[in-house]
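S.K.: Below are the C-alpha cells for one structure; questions will follow.
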Amino acid sequence: AVVVAEGQSGGRGRLGRDWDSPPAVGLYVSLLLRPPLPPWELPQITLTAAVAVVKAVERAAGVTPGIKWPNDLLLDGKKLGGILTEMETESDRIRYLVVGLGLNVNNPQFPGELQNTATSLALTQGRSFSRVAILKAWLEEFDSLYQRFLAREFPGILEEWKRYAVTLGRMVTVRQGSRTIQGLALEVASDGALILKTRAGETVRVTSGEIAPDPPGGRGI
C-alpha cells in the first residue's frame, strides 16, 4: 500500500524529530511492505530505498543527490530529503515495515532555523517540478530494486549506493545518544553497518546513530 500526504501537521523524522512538511510543495510518502525477511535485514531496505530516490530524482529533475549514511539525501551540501524505515516484528521475521520518504520538491523557502541547512529541488534548479512525476519515478525505481533485493541481489544494490555516497572516505563523528565515535568512514558493510577506522587505528562497526554535525537538511527524517 502507498499513502501520499499533501502536507503533514505532525511530520516525524528520526529520533522523534519534527519534519517540516508544508502543504503543496513537498513529497510525503509512506510505503507499506510485508517482506518475508528477518528483522536484521531492515537497514538494507533503507539503503535500497535511498538508491531508488536518487535514480528517481535523476530521471524526473535531471540532478543527482548524494546519500549520507544512513538515510539522508543531500544536494549542494544541504538536506534535500530523508528516509525513515520502521517495522513490526514477530518472532524472527518482519511482520510489516513502513518506508517513509520526505523530499523537498518545490519549497520556496524554509523556516529560519533551516534556511542554512535545507534545500529543495526548486531552490537549486530555479524552477518547479511535478511531484507526481517524481513519485511515479520513485515507485518504479523502488519496485525494480525491491524485486532485486528479494532475489538476494543486495550486493549489487549496495555498490550503486556507494557510488552516490558522500560519507565514505571522510572523517566523521557519529553520535549515539551521549556517546560519540570518530573515525574515517571506510566502507558500508553488507548488512548496512558503517565501518570506521579510529585515530587509534581501531576498526569499528556502527549500526545506528547519526553523523554529526548534522549536515544540511530538514529537521531530520
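We name chains A, B, ... following the order of the C-alpha cells; residues begin at 1 in each chain, and ligands are numbered from 1 as shown.
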Quick one: DSSP alpha helix (DSSP H) residues in stretch 13-213 of chain A, as a PyMOL selection string?

M.R.: chain A and resi 42-61+121-125+131-150+154-164

S.K.: Write out as a list in words each polymer residue whose atoms come within 9 Å of stretch 88-91 of chain A, counting only C-alpha atoms; drop sequence neighbours fewer than 6 positions from it.

M.R.: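 Near stretch 88-91 of chain A, the qualifying residues are Pro38, Pro39, Leu97 and Val98 of chain A.
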
S.K.: Measuring atom to atom with only C-alpha atoms, identify which of A:Leu33, A:Ala212, A:Ala137, A:Val99 is nearest to A:Val54.

M.R.: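 Closest candidate: A:Ala137.
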
S.K.: With a distance cut-off of 6 Å and only C-alpha atoms, select the neighbouring residues of A:Ala52, excluding the residue or stretch itself and same-chain residues fewer than 5 positions from it, and output the selection as a PyMOL selection string.

M.R.: chain A and resi 138+141-142

S.K.: Pull all heavy atoms from the residues just selected and write them as a short mmCIF file (atom, residue, chain, number, x, y, z; two decimals), in the first residue's frame.

M.R.:
data_model
loop_
_atom_site.label_atom_id
_atom_site.label_comp_id
_atom_site.auth_asym_id
_atom_site.auth_seq_id
_atom_site.Cartn_x
_atom_site.Cartn_y
_atom_site.Cartn_z
N TRP A 138 9.91 7.32 -8.40
CA TRP A 138 10.43 6.63 -7.21
C TRP A 138 9.79 5.27 -7.04
O TRP A 138 10.47 4.28 -6.75
CB TRP A 138 10.20 7.47 -5.96
CG TRP A 138 10.75 6.79 -4.72
CD1 TRP A 138 12.04 6.39 -4.52
CD2 TRP A 138 10.02 6.39 -3.56
NE1 TRP A 138 12.16 5.78 -3.29
CE2 TRP A 138 10.94 5.77 -2.68
CE3 TRP A 138 8.68 6.52 -3.17
CZ2 TRP A 138 10.56 5.27 -1.43
CZ3 TRP A 138 8.31 6.02 -1.93
CH2 TRP A 138 9.24 5.40 -1.07
N GLU A 141 11.29 2.93 -9.64
CA GLU A 141 12.68 2.58 -9.32
C GLU A 141 12.74 1.66 -8.10
O GLU A 141 13.50 0.69 -8.08
CB GLU A 141 13.52 3.83 -9.08
CG GLU A 141 13.70 4.72 -10.30
CD GLU A 141 14.59 4.12 -11.37
OE1 GLU A 141 15.22 3.07 -11.11
OE2 GLU A 141 14.66 4.67 -12.48
N PHE A 142 11.92 1.99 -7.09
CA PHE A 142 11.94 1.16 -5.89
C PHE A 142 11.41 -0.24 -6.18
O PHE A 142 11.97 -1.23 -5.70
CB PHE A 142 11.13 1.80 -4.77
CG PHE A 142 11.17 0.99 -3.49
CD1 PHE A 142 12.28 1.07 -2.66
CD2 PHE A 142 10.15 0.12 -3.16
CE1 PHE A 142 12.34 0.30 -1.50
CE2 PHE A 142 10.20 -0.64 -2.01
CZ PHE A 142 11.30 -0.55 -1.17
#

S.K.: Excluding A:Ile134 and its own-chain neighbours fewer than 6 positions away, which residues fall within 9 Å of it when counting only C-alpha atoms? Please give them as number ranges by chain.

M.R.: A: 27, 53, 56-57, 59-61, 105

S.K.: Please identify all polymer residues within 8 Å of A:Met171, counting only C-alpha atoms, omitting same-chain residues fewer than 3 positions from it, and present them as a CSV table (one decimal) with C-alpha atoms, in the first residue's frame.

M.R.:
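out31.csv was written with the following content:
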chain,number,residue,atom,x,y,z
A,182,GLN,CA,35.1,9.5,15.4
A,183,GLY,CA,36.9,8.0,12.5
A,184,LEU,CA,37.5,7.6,8.8
A,185,ALA,CA,34.4,6.2,7.1

S.K.: Which residue out of A:Arg199, A:Ser208, A:Arg163, A:Gly112 has the minimum interatomic distance to A:Ile67 when only C-alpha atoms are used?

M.R.: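 Smallest distance to A:Ile67 is found for A:Arg163.
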
S.K.: Quick one: residues within 6 Å of stretch 77-85 of chain A, only C-alpha atoms counted, chain neighbours fewer than 3 positions away excluded, as a list in words?

M.R.: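 So the residues in contact are Asn71, Asp72, Leu73, Leu74, Val98, Val99, Gly100, Leu101, Gly102, Leu103, Asn104, Thr117, Ala118, Thr119, Ser120, Pro216, Gly217 and Ile221 of chain A.
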
S.K.: May I ask which of the residues A:Ala200, A:Leu123, A:Thr173, A:Asn106 is the closest one to A:Asp76, counting only C-alpha atoms?

M.R.: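 Selected residue with least distance to A:Asp76: A:Leu123.
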
S.K.: For A:Pro43, which of A:Pro65, A:Asp92, A:Gln176, A:Pro70 is the closest residue, counting only C-alpha atoms?

M.R.: A:Pro70

S.K.: Name all residues at most 12 Å from A:Pro155 (count only C-alpha atoms; drop same-chain ones fewer than 2 positions away) and give them as a list in words.

M.R.: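 Residues near the query, excluding close chain neighbours: Gln44, Leu47, Thr48, Leu145, Arg148, Phe149, Leu150, Ala151, Arg152, Glu153, Ile157, Leu158, Glu159, Glu160, Trp161, Lys162, Val188, Ala189, Ser190, Asp191 and Gly192 of chain A.
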
S.K.: Write the selection just made, keeping N, CA and C atoms, as a PDB file, in the first residue's frame?

M.R.:
ATOM      1  N   GLN A  44      19.186  -2.792   5.098  1.00  0.00           N
ATOM      2  CA  GLN A  44      19.411  -2.973   3.672  1.00  0.00           C
ATOM      3  C   GLN A  44      18.261  -2.385   2.854  1.00  0.00           C
ATOM      4  N   LEU A  47      18.714   1.400   2.640  1.00  0.00           N
ATOM      5  CA  LEU A  47      19.705   1.768   1.627  1.00  0.00           C
ATOM      6  C   LEU A  47      19.138   1.588   0.228  1.00  0.00           C
ATOM      7  N   THR A  48      18.349   0.536   0.040  1.00  0.00           N
ATOM      8  CA  THR A  48      17.725   0.293  -1.260  1.00  0.00           C
ATOM      9  C   THR A  48      16.770   1.424  -1.623  1.00  0.00           C
ATOM     10  N   LEU A 145      14.190  -2.204  -7.797  1.00  0.00           N
ATOM     11  CA  LEU A 145      15.257  -2.540  -6.858  1.00  0.00           C
ATOM     12  C   LEU A 145      14.772  -3.511  -5.790  1.00  0.00           C
ATOM     13  N   ARG A 148      14.871  -6.965  -7.026  1.00  0.00           N
ATOM     14  CA  ARG A 148      16.263  -7.433  -6.995  1.00  0.00           C
ATOM     15  C   ARG A 148      16.671  -7.779  -5.570  1.00  0.00           C
ATOM     16  N   PHE A 149      16.242  -6.946  -4.619  1.00  0.00           N
ATOM     17  CA  PHE A 149      16.576  -7.186  -3.214  1.00  0.00           C
ATOM     18  C   PHE A 149      16.012  -8.521  -2.743  1.00  0.00           C
ATOM     19  N   LEU A 150      14.750  -8.780  -3.068  1.00  0.00           N
ATOM     20  CA  LEU A 150      14.127 -10.049  -2.666  1.00  0.00           C
ATOM     21  C   LEU A 150      14.775 -11.244  -3.355  1.00  0.00           C
ATOM     22  N   ALA A 151      15.385 -10.994  -4.507  1.00  0.00           N
ATOM     23  CA  ALA A 151      16.087 -12.067  -5.233  1.00  0.00           C
ATOM     24  C   ALA A 151      17.534 -12.213  -4.764  1.00  0.00           C
ATOM     25  N   ARG A 152      17.832 -11.596  -3.613  1.00  0.00           N
ATOM     26  CA  ARG A 152      19.161 -11.687  -2.996  1.00  0.00           C
ATOM     27  C   ARG A 152      20.238 -11.005  -3.820  1.00  0.00           C
ATOM     28  N   GLU A 153      19.899  -9.890  -4.453  1.00  0.00           N
ATOM     29  CA  GLU A 153      20.876  -9.148  -5.241  1.00  0.00           C
ATOM     30  C   GLU A 153      21.305  -7.858  -4.537  1.00  0.00           C
ATOM     31  N   ILE A 157      23.069  -3.770  -5.364  1.00  0.00           N
ATOM     32  CA  ILE A 157      22.405  -2.527  -4.965  1.00  0.00           C
ATOM     33  C   ILE A 157      23.326  -1.710  -4.077  1.00  0.00           C
ATOM     34  N   LEU A 158      24.045  -2.388  -3.184  1.00  0.00           N
ATOM     35  CA  LEU A 158      24.973  -1.687  -2.291  1.00  0.00           C
ATOM     36  C   LEU A 158      26.074  -0.985  -3.076  1.00  0.00           C
ATOM     37  N   GLU A 159      26.552  -1.605  -4.140  1.00  0.00           N
ATOM     38  CA  GLU A 159      27.565  -0.957  -4.967  1.00  0.00           C
ATOM     39  C   GLU A 159      27.012   0.320  -5.603  1.00  0.00           C
ATOM     40  N   GLU A 160      25.729   0.304  -5.994  1.00  0.00           N
ATOM     41  CA  GLU A 160      25.106   1.520  -6.519  1.00  0.00           C
ATOM     42  C   GLU A 160      25.009   2.572  -5.429  1.00  0.00           C
ATOM     43  N   TRP A 161      24.631   2.164  -4.215  1.00  0.00           N
ATOM     44  CA  TRP A 161      24.545   3.088  -3.080  1.00  0.00           C
ATOM     45  C   TRP A 161      25.888   3.780  -2.867  1.00  0.00           C
ATOM     46  N   LYS A 162      26.964   3.010  -2.935  1.00  0.00           N
ATOM     47  CA  LYS A 162      28.295   3.568  -2.686  1.00  0.00           C
ATOM     48  C   LYS A 162      28.676   4.613  -3.732  1.00  0.00           C
ATOM     49  N   VAL A 188      30.707   0.648   3.825  1.00  0.00           N
ATOM     50  CA  VAL A 188      29.415   0.213   4.345  1.00  0.00           C
ATOM     51  C   VAL A 188      29.342  -1.288   4.119  1.00  0.00           C
ATOM     52  N   ALA A 189      29.144  -2.028   5.195  1.00  0.00           N
ATOM     53  CA  ALA A 189      29.155  -3.485   5.129  1.00  0.00           C
ATOM     54  C   ALA A 189      27.882  -4.013   4.477  1.00  0.00           C
ATOM     55  N   SER A 190      27.868  -5.319   4.218  1.00  0.00           N
ATOM     56  CA  SER A 190      26.741  -5.934   3.528  1.00  0.00           C
ATOM     57  C   SER A 190      25.448  -5.863   4.325  1.00  0.00           C
ATOM     58  N   ASP A 191      25.543  -5.659   5.645  1.00  0.00           N
ATOM     59  CA  ASP A 191      24.343  -5.543   6.464  1.00  0.00           C
ATOM     60  C   ASP A 191      23.940  -4.088   6.699  1.00  0.00           C
ATOM     61  N   GLY A 192      24.641  -3.142   6.044  1.00  0.00           N
ATOM     62  CA  GLY A 192      24.303  -1.733   6.173  1.00  0.00           C
ATOM     63  C   GLY A 192      25.097  -0.999   7.234  1.00  0.00           C
TER      64      GLY A 192
END

S.K.: Which parts of stretch 29-217 of chain A does DSSP call strand (DSSP E or B) when run on the backbone here, written out as a ChimeraX atom specification?

M.R.: /A:29-33,66-68,72-75,78-90,93-104,118,165,171-176,179-188,194-197,203-206,210-212

S.K.: Record the distance separating atom CA of A:Pro111 and atom CA of A:Pro23, expressed in Å with one decimal.

M.R.: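 A separation of 14.0 Å between them.
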